[in-house]
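Remarks on the structure that follows.
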Amino acid sequence: MGKTLSEKVWDEHVVRSAPGEPDLLYIDLHLLHEVTSPQAFDGLRLANRTVRRPDLTLATEDHNVPTVDWDKPIADPVSRTQVETLRKNCADFGVRLHPLGDVEQGIVHVVGPQLGLTQPGMTIVCGDSHTSTHGAFGAIAFGIGTSEVEHVLATQTLTQARPKTMAVTVNGSLPEGVTAKDLVLTLITHTGTGGGQGYIVEYRGQAIEELSMEGRMTVCNMSIEWGAKAGLIAPDQTTFDYIEGKPEAPKGADWDAAVAHWKTLRTDDDAVFDKEIELDASTMTPFVTWGTNPGQGAPLGASVPSPDDFDEPNDKVATEKALQYMGLEAGTPLREVKVDTVFVGSCTNGRIEDLRLAASILEGRTVAADTRLLVVPGSVRVRLQAEAEGLDKVFIAAGAEWRGAGCSMCLGMNPDQLAPGERSASTSNRNFEGRQGKGGRTHLVSVPVAAATAVRGTLSSPADLTPIGA
Amino acid sequence: MDKFTTHTGVGVPLKRSNVDTDQIIPAVYLKRVTRTGFEDGLFAAWRNDPDFVLNNPTYAGGSVLVAGPDFGTGSSREHAVWALQNYGFKVVISSRFADIFRGNSGKAGLLAAQVDEKVVQRLWDWLEDNPGGEITVDLESRTVRAGAGEDAVEDSFDIDDYTRWRLLEGLDDIGITLSHDDTITAFEVGRPGWKPVTA
Ligand code: SF4
């Protein structure tokens, strides 16, 4: 019997396996950031251990760095301590770091791919659950806890039980104006937040193949939001074209050898998945969340659901609680929900393609009077690229705040937070209670919906906007 | 890591499902660089509510949390496990745990005991009748026990063999792996030369 893509990549990394024990898996790339690593380095010091492979390790500062005044010392003392601790740890243990102010600084899941370090067939881990982003390249990539960070630092391996495999096949093509984000939000509402639990998921089918690398990263990024261990997509020409020429991509004969290997990374025709799901992309529409987990979503054209719409008692209660927290009335058309703040950014939708899309909608338009729009590039490179293309001018002319690179309002660890009761439309990945600031209310949306919402001040898609010049 | 064989302590009913790690410890509390002191952020948002179970003196010193399904979903932050441990919890009982949370627990020495949904309900009922009552969790025999006689609750819980063995032995993960150092080195020799490096 053939193997699935994830089984192939997994098997290539098994250092040791014994019956009844989890596999010992080799890790090709270990990414670090300031929040989940200090205690791991602390542990190494306590046990007198070293970093086994600093040359397979990379650190960036992203989670709580400021996105304004980034050339000044960080004002918040605790954030500063974490960042300074990371700098000291990287210096002490010989790990490459891209600190605030460095041209390669940015969200760890944006930096890896843009450096060309994220490649097909790799195992990639990071103390951050959205590490699944890197799966877009056909890598097995997943988030780990701080003890595991310490384990990888010390041994360059992880003990892992082999997950089950699932195929999510998305047939047909996405309609014009419907994005990878709508696709994955639709999927999560379909499966629920626990639907992927215990699985490595392979996204496949025509709609997935037609996505750009940025779109594929958006889909894989949100794998964890429906509980999957990891999500990945078979590498193809789109993947190779994206990697070729990146700073850390293989060169010359190495490139040829690498591509030859990458081309073998496909699920065999006779391979069997433990579970399969099929979706039809052609019927998908702009999709937004109304609740307090990413599985509580609906088409933008729908209304806020009522607890009575659900059969399961748990879902009824969850819906009731969510509506209360979100300050929403059942039956209100989602298009009438007024939004205070729009956030474009994060490792889900903070790449250059996302900013181009946002700018194309905002060009010649202005942000609604009592709405604020924050545009936060995923990395310094993305910021510089956007500025080279003049996108910053479009954002500023529209009345948006154009910021420096970082996680920013995705999790509100830096000063970019929602006030209690404030409502956001956010291109990030989590709408949990308080995620973007205590009492803040988050609607997860795609980039076009975010941009159109900023213009109209209520949840909207570009189709709702008055054509320019009309 | 200390060995875990059996634990008896005050049971704390947390009657909520889908308790995600942002609820267990909100992001603003993550900014510490040590492994201790996270108890102040445990369930921080809920602790503002005087009726929240941890604000009830009956459960002071609680060490066995009995929670609804899908405990520990969301962010991979291990601080969630530390916050529970720093507060004094030794065991969390639930009918379903998020994968990363379960993994983090085993590694840090917090026992995540998975039981049938009915058992959670029975424990909640029992705690309602016996507030402040103690629950015994025996890792050796994989059983949870509360009370005696008529209304006693006794049932088995699930935990994978490997995590159980490590908890029983109090074994540190890195130490176990480093005993296979030669195998790792041999694997490294065979890695293709075109794989990327950061240095
Ligand atoms: S952008 Fe948000 S989800 Fe992504 S790494 Fe940063 S905090 Fe995590």
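Just so we're on the same page: first chain in the structure tokens is A, next is B, and so on; residues restart at 1 for each chain, and ligands are numbered from 1 in the order they show up.
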
Please, which residues have at least one atom within 6 Å of an atom of ligand 1, using only C-alpha atoms and all ligand atoms, listed as a short mmCIF file (atom, residue, chain, number, x, y, z; two decimals) with N, CA, C and O atoms, in the first residue's frame?
data_model
loop_
_atom_site.label_atom_id
_atom_site.label_comp_id
_atom_site.auth_asym_id
_atom_site.auth_seq_id
_atom_site.Cartn_x
_atom_site.Cartn_y
_atom_site.Cartn_z
N HIS A 63 6.11 38.59 19.17
CA HIS A 63 4.82 38.58 19.88
C HIS A 63 4.50 39.87 20.62
O HIS A 63 3.36 40.29 20.63
N ILE A 107 7.08 38.42 12.15
CA ILE A 107 6.41 37.26 12.73
C ILE A 107 7.13 36.01 12.25
O ILE A 107 7.40 35.85 11.06
N HIS A 130 0.63 28.32 15.63
CA HIS A 130 0.42 28.57 14.20
C HIS A 130 1.60 28.19 13.33
O HIS A 130 1.68 28.57 12.16
N SER A 346 -1.13 39.87 10.96
CA SER A 346 -0.92 38.56 11.59
C SER A 346 -0.29 37.55 10.64
O SER A 346 -0.17 37.78 9.44
N CYS A 347 0.07 36.41 11.22
CA CYS A 347 0.70 35.35 10.42
C CYS A 347 -0.32 34.69 9.51
O CYS A 347 0.04 33.92 8.63
N CYS A 407 3.26 40.84 15.72
CA CYS A 407 1.98 40.17 15.92
C CYS A 407 0.88 41.16 16.26
O CYS A 407 -0.28 40.96 15.94
N CYS A 410 -3.15 40.87 16.91
CA CYS A 410 -3.57 39.47 16.83
C CYS A 410 -3.78 38.91 18.23
O CYS A 410 -4.71 38.16 18.47
N LEU A 411 -2.90 39.26 19.16
CA LEU A 411 -3.07 38.74 20.52
C LEU A 411 -2.95 39.82 21.58
O LEU A 411 -3.04 39.52 22.77
#

- Message: I'd like the contact shell of Arg45 in chain A - 12 Å cut-off, only C-alpha atoms, skipping same-chain residues fewer than 6 positions apart - returned as a list of chain:residue names.
- Response: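 Here the qualifying residues turn out to be A:Pro38, A:Gln39, A:Val51, A:Asn89, A:Asp92, A:Phe93, A:Glu150, A:Leu153, A:Ala154.
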
- Task: From a DSSP pass on the backbone, collect the residues of range 51-199 of chain B flagged as helix (DSSP H, G or I) and hand them back as a VMD selection string.
- Result: chain B and resid 53 to 55 57 to 59 79 to 87 99 to 108 117 to 129 161 to 169 173 to 178 181 to 189

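Candidate residues B:Phe4, B:Tyr87, B:Phe52, B:Trp46 were compared for distance to chain A, and the nearest is B:Trp46, using only C-alpha atoms.
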
- Message: Taking only C-alpha atoms into account, find every residue of chain A that has an atom no more than 7 Å from chain B, and write it out as a ChimeraX atom specification.
- Response: /A:15,21,35,38-39,55-58,78-79,82,96,117,128-129,143-147,151,155,198,248,250,254,258,413

- Task: Just list the residues in range 52-123 of chain B DSSP gives strand (DSSP E) on the backbone, as a list in words.
- Result: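 The strand (DSSP E) residues within range 52-123 of chain B come out as Val64, Leu65, Val66, Ala67, Val91, Val92, Ile93, Ser94, Leu111, Ala112, Ala113 and Gln114 of chain B.
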
Kindly export the residues of the current selection with N, CA and C atoms, as an mmCIF file, in the first residue's frame.
data_model
loop_
_atom_site.group_PDB
_atom_site.id
_atom_site.type_symbol
_atom_site.label_atom_id
_atom_site.label_comp_id
_atom_site.auth_asym_id
_atom_site.auth_seq_id
_atom_site.Cartn_x
_atom_site.Cartn_y
_atom_site.Cartn_z
ATOM 1 N N VAL B 64 -7.336 18.893 42.604
ATOM 2 C CA VAL B 64 -7.842 18.029 41.540
ATOM 3 C C VAL B 64 -8.968 18.784 40.826
ATOM 4 N N LEU B 65 -8.686 19.235 39.607
ATOM 5 C CA LEU B 65 -9.672 20.019 38.862
ATOM 6 C C LEU B 65 -10.538 19.072 38.040
ATOM 7 N N VAL B 66 -11.859 19.225 38.154
ATOM 8 C CA VAL B 66 -12.773 18.376 37.387
ATOM 9 C C VAL B 66 -13.487 19.272 36.384
ATOM 10 N N ALA B 67 -13.115 19.164 35.112
ATOM 11 C CA ALA B 67 -13.549 20.139 34.111
ATOM 12 C C ALA B 67 -14.399 19.489 33.031
ATOM 13 N N VAL B 91 -3.737 17.346 39.318
ATOM 14 C CA VAL B 91 -4.493 16.523 38.380
ATOM 15 C C VAL B 91 -5.595 17.368 37.745
ATOM 16 N N VAL B 92 -5.809 17.172 36.435
ATOM 17 C CA VAL B 92 -7.022 17.694 35.797
ATOM 18 C C VAL B 92 -7.781 16.495 35.251
ATOM 19 N N ILE B 93 -9.063 16.446 35.570
ATOM 20 C CA ILE B 93 -9.911 15.369 35.061
ATOM 21 C C ILE B 93 -10.876 15.981 34.055
ATOM 22 N N SER B 94 -10.978 15.381 32.863
ATOM 23 C CA SER B 94 -11.916 15.872 31.858
ATOM 24 C C SER B 94 -12.254 14.710 30.930
ATOM 25 N N LEU B 111 -0.962 15.574 35.858
ATOM 26 C CA LEU B 111 -1.672 14.413 35.331
ATOM 27 C C LEU B 111 -2.980 14.845 34.670
ATOM 28 N N ALA B 112 -3.111 14.578 33.366
ATOM 29 C CA ALA B 112 -4.369 14.839 32.650
ATOM 30 C C ALA B 112 -5.097 13.508 32.545
ATOM 31 N N ALA B 113 -6.109 13.322 33.392
ATOM 32 C CA ALA B 113 -6.808 12.045 33.464
ATOM 33 C C ALA B 113 -8.089 12.131 32.650
ATOM 34 N N GLN B 114 -8.167 11.327 31.601
ATOM 35 C CA GLN B 114 -9.345 11.377 30.734
ATOM 36 C C GLN B 114 -10.346 10.316 31.163
#

- Task: Please provide the set of residues having any atom within 9 Å of Ala180 in chain A, restricted to only C-alpha atoms, with same-chain residues fewer than 6 positions apart removed, written as a list in words.
- Result: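 The residues satisfying every condition are Leu174, Ala207, Ile208, Leu211, Glu214, Gly215, Arg216, Met217, Thr218, Val219 and Ser446 of chain A.
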
Once you have the residues from the selection above, write them out as a PDB file, in the first residue's frame, restricted to C-alpha atoms.
ATOM      1  CA  LEU A 174     -13.203  29.579  -5.464  1.00  0.00           C
ATOM      2  CA  ALA A 207      -9.178  24.902  -5.160  1.00  0.00           C
ATOM      3  CA  ILE A 208      -6.087  24.224  -3.049  1.00  0.00           C
ATOM      4  CA  LEU A 211      -4.057  28.951  -4.356  1.00  0.00           C
ATOM      5  CA  GLU A 214       0.264  33.044   0.548  1.00  0.00           C
ATOM      6  CA  GLY A 215      -3.223  31.558   0.282  1.00  0.00           C
ATOM      7  CA  ARG A 216      -1.926  28.089   1.118  1.00  0.00           C
ATOM      8  CA  MET A 217      -0.198  29.510   4.175  1.00  0.00           C
ATOM      9  CA  THR A 218      -3.476  31.101   5.284  1.00  0.00           C
ATOM     10  CA  VAL A 219      -5.232  27.730   5.064  1.00  0.00           C
ATOM     11  CA  SER A 446     -10.722  37.787   5.085  1.00  0.00           C
TER      12      SER A 446
END

- Message: My list of candidates is A:Ala253, A:Ala161, A:Val376, A:Ala330. Which is closest to Leu25 in chain A when distances are computed with only C-alpha atoms?
- Response: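 Using only C-alpha atoms, the shortest distance to Leu25 in chain A belongs to A:Ala161.
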
- Message: Rounded to one decimal, what separation in Å do you get between CA of Lys229 in chain A and CA of Gln119 in chain A?
- Response: 18.8 Å

List as a short mmCIF file (atom, residue, chain, number, x, y, z; two decimals) with all heavy atoms, in the first residue's frame the protein and nucleic acid residues near Gly112 in chain A, meaning an atom at most 10 Å away when only C-alpha atoms are counted, but skip any in the same chain fewer than 3 places from it.
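Result file part.cif:
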data_model
loop_
_atom_site.label_atom_id
_atom_site.label_comp_id
_atom_site.auth_asym_id
_atom_site.auth_seq_id
_atom_site.Cartn_x
_atom_site.Cartn_y
_atom_site.Cartn_z
N LEU A 29 14.18 22.26 11.37
CA LEU A 29 14.25 23.70 11.64
C LEU A 29 13.46 24.01 12.90
O LEU A 29 12.31 23.61 13.05
CB LEU A 29 13.67 24.50 10.46
CG LEU A 29 13.63 26.02 10.62
CD1 LEU A 29 15.03 26.61 10.73
CD2 LEU A 29 12.87 26.68 9.45
N LEU A 31 12.24 27.16 15.18
CA LEU A 31 12.05 28.61 15.24
C LEU A 31 11.72 29.04 16.67
O LEU A 31 10.99 28.35 17.38
CB LEU A 31 10.91 29.02 14.29
CG LEU A 31 11.14 28.64 12.82
CD1 LEU A 31 9.86 28.79 12.01
CD2 LEU A 31 12.26 29.47 12.21
N LEU A 58 16.55 29.30 14.60
CA LEU A 58 16.45 30.71 14.24
C LEU A 58 15.47 31.41 15.16
O LEU A 58 14.40 30.88 15.44
CB LEU A 58 15.97 30.85 12.79
CG LEU A 58 15.85 32.30 12.29
CD1 LEU A 58 17.22 32.83 11.88
CD2 LEU A 58 14.89 32.40 11.11
N ALA A 59 15.83 32.60 15.61
CA ALA A 59 14.95 33.33 16.53
C ALA A 59 14.56 34.69 15.96
O ALA A 59 15.36 35.34 15.29
CB ALA A 59 15.67 33.53 17.87
N THR A 60 13.31 35.08 16.21
CA THR A 60 12.89 36.45 15.90
C THR A 60 12.11 37.01 17.08
O THR A 60 11.66 36.26 17.94
CB THR A 60 11.96 36.53 14.66
OG1 THR A 60 10.70 35.95 14.99
CG2 THR A 60 12.55 35.83 13.45
N GLU A 104 15.34 41.51 8.71
CA GLU A 104 14.67 40.20 8.64
C GLU A 104 13.75 39.95 9.83
O GLU A 104 13.25 38.86 10.02
CB GLU A 104 15.69 39.07 8.54
CG GLU A 104 16.59 39.11 7.33
CD GLU A 104 15.85 39.00 5.99
OE1 GLU A 104 14.63 38.73 6.00
OE2 GLU A 104 16.49 39.20 4.95
N GLY A 106 10.38 39.99 12.11
CA GLY A 106 8.97 39.88 11.78
C GLY A 106 8.36 38.68 12.47
O GLY A 106 9.01 38.02 13.28
N ILE A 107 7.08 38.42 12.15
CA ILE A 107 6.41 37.26 12.73
C ILE A 107 7.13 36.01 12.25
O ILE A 107 7.40 35.85 11.06
CB ILE A 107 4.93 37.19 12.32
CG1 ILE A 107 4.21 38.50 12.66
CG2 ILE A 107 4.24 36.01 12.99
CD1 ILE A 107 2.81 38.59 12.10
N VAL A 108 7.42 35.15 13.18
CA VAL A 108 8.26 33.99 12.92
C VAL A 108 7.74 33.18 11.71
O VAL A 108 8.53 32.68 10.91
CB VAL A 108 8.37 33.18 14.24
CG1 VAL A 108 7.07 32.53 14.63
CG2 VAL A 108 9.49 32.22 14.22
N HIS A 109 6.42 33.09 11.54
CA HIS A 109 5.87 32.29 10.44
C HIS A 109 5.85 33.04 9.11
O HIS A 109 5.51 32.47 8.07
CB HIS A 109 4.46 31.81 10.78
CG HIS A 109 4.39 31.20 12.14
ND1 HIS A 109 5.28 30.23 12.55
CD2 HIS A 109 3.59 31.44 13.20
CE1 HIS A 109 5.01 29.91 13.80
NE2 HIS A 109 4.00 30.63 14.21
N LEU A 115 12.59 33.86 4.04
CA LEU A 115 14.03 33.61 3.96
C LEU A 115 14.33 32.40 3.08
O LEU A 115 15.47 32.15 2.73
CB LEU A 115 14.62 33.37 5.35
CG LEU A 115 14.89 34.60 6.22
CD1 LEU A 115 15.25 34.17 7.63
CD2 LEU A 115 16.00 35.45 5.62
N GLY A 116 13.30 31.63 2.77
CA GLY A 116 13.53 30.39 2.01
C GLY A 116 13.98 29.25 2.90
O GLY A 116 14.40 28.20 2.43
N LEU A 117 13.84 29.43 4.23
CA LEU A 117 14.23 28.36 5.16
C LEU A 117 13.15 27.29 5.22
O LEU A 117 13.42 26.14 5.55
CB LEU A 117 14.44 28.94 6.56
CG LEU A 117 15.77 29.63 6.81
CD1 LEU A 117 15.76 30.33 8.17
CD2 LEU A 117 16.93 28.63 6.75
N THR A 118 11.92 27.69 4.95
CA THR A 118 10.81 26.74 4.96
C THR A 118 10.77 26.05 3.61
O THR A 118 10.56 26.70 2.59
CB THR A 118 9.50 27.49 5.22
OG1 THR A 118 9.59 28.15 6.48
CG2 THR A 118 8.32 26.52 5.24
N GLN A 119 11.01 24.74 3.61
CA GLN A 119 11.08 24.00 2.34
C GLN A 119 10.27 22.70 2.45
O GLN A 119 9.99 22.23 3.55
CB GLN A 119 12.56 23.69 2.02
CG GLN A 119 13.39 24.94 1.78
CD GLN A 119 14.87 24.65 1.62
OE1 GLN A 119 15.28 23.51 1.42
NE2 GLN A 119 15.69 25.70 1.71
N ILE A 124 9.38 21.06 10.95
CA ILE A 124 9.59 22.40 11.49
C ILE A 124 8.75 22.55 12.75
O ILE A 124 7.57 22.22 12.76
CB ILE A 124 9.17 23.48 10.46
CG1 ILE A 124 9.98 23.31 9.16
CG2 ILE A 124 9.35 24.89 11.03
CD1 ILE A 124 9.58 24.24 8.04
N THR A 133 1.46 26.89 9.70
CA THR A 133 1.59 27.73 8.50
C THR A 133 2.58 27.14 7.50
O THR A 133 2.34 27.14 6.29
CB THR A 133 2.10 29.13 8.90
OG1 THR A 133 1.35 29.61 10.00
CG2 THR A 133 2.03 30.10 7.74
N HIS A 134 3.70 26.65 8.01
CA HIS A 134 4.79 26.19 7.15
C HIS A 134 4.41 24.92 6.38
O HIS A 134 5.10 24.54 5.44
CB HIS A 134 6.06 25.95 7.97
CG HIS A 134 6.47 27.14 8.79
ND1 HIS A 134 7.42 28.05 8.38
CD2 HIS A 134 6.02 27.61 9.99
CE1 HIS A 134 7.55 29.01 9.29
NE2 HIS A 134 6.71 28.76 10.28
N GLU A 248 17.90 31.67 1.55
CA GLU A 248 18.40 30.39 2.08
C GLU A 248 17.97 29.20 1.24
O GLU A 248 18.10 28.04 1.68
CB GLU A 248 17.93 30.19 3.53
CG GLU A 248 18.23 31.35 4.48
CD GLU A 248 19.70 31.52 4.79
OE1 GLU A 248 20.51 30.65 4.39
OE2 GLU A 248 20.05 32.55 5.42
#

- Of the listed residues B:Phe89, B:Ser141, B:Pro13, B:Asp51, that which approaches Trp124 in chain B most closely, counting only C-alpha atoms: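 Selected residue with least distance to Trp124 in chain B: B:Pro13.
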
- Tell me, in Å to one decimal, how far CA of Asp129 in chain B is from CA of Lys321 in chain A.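 That distance, rounded to one decimal, is 27.1 Å.
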
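What separates CA of Ala228 in chain A from CA of Val375 in chain A is a distance of 28.9 Å.
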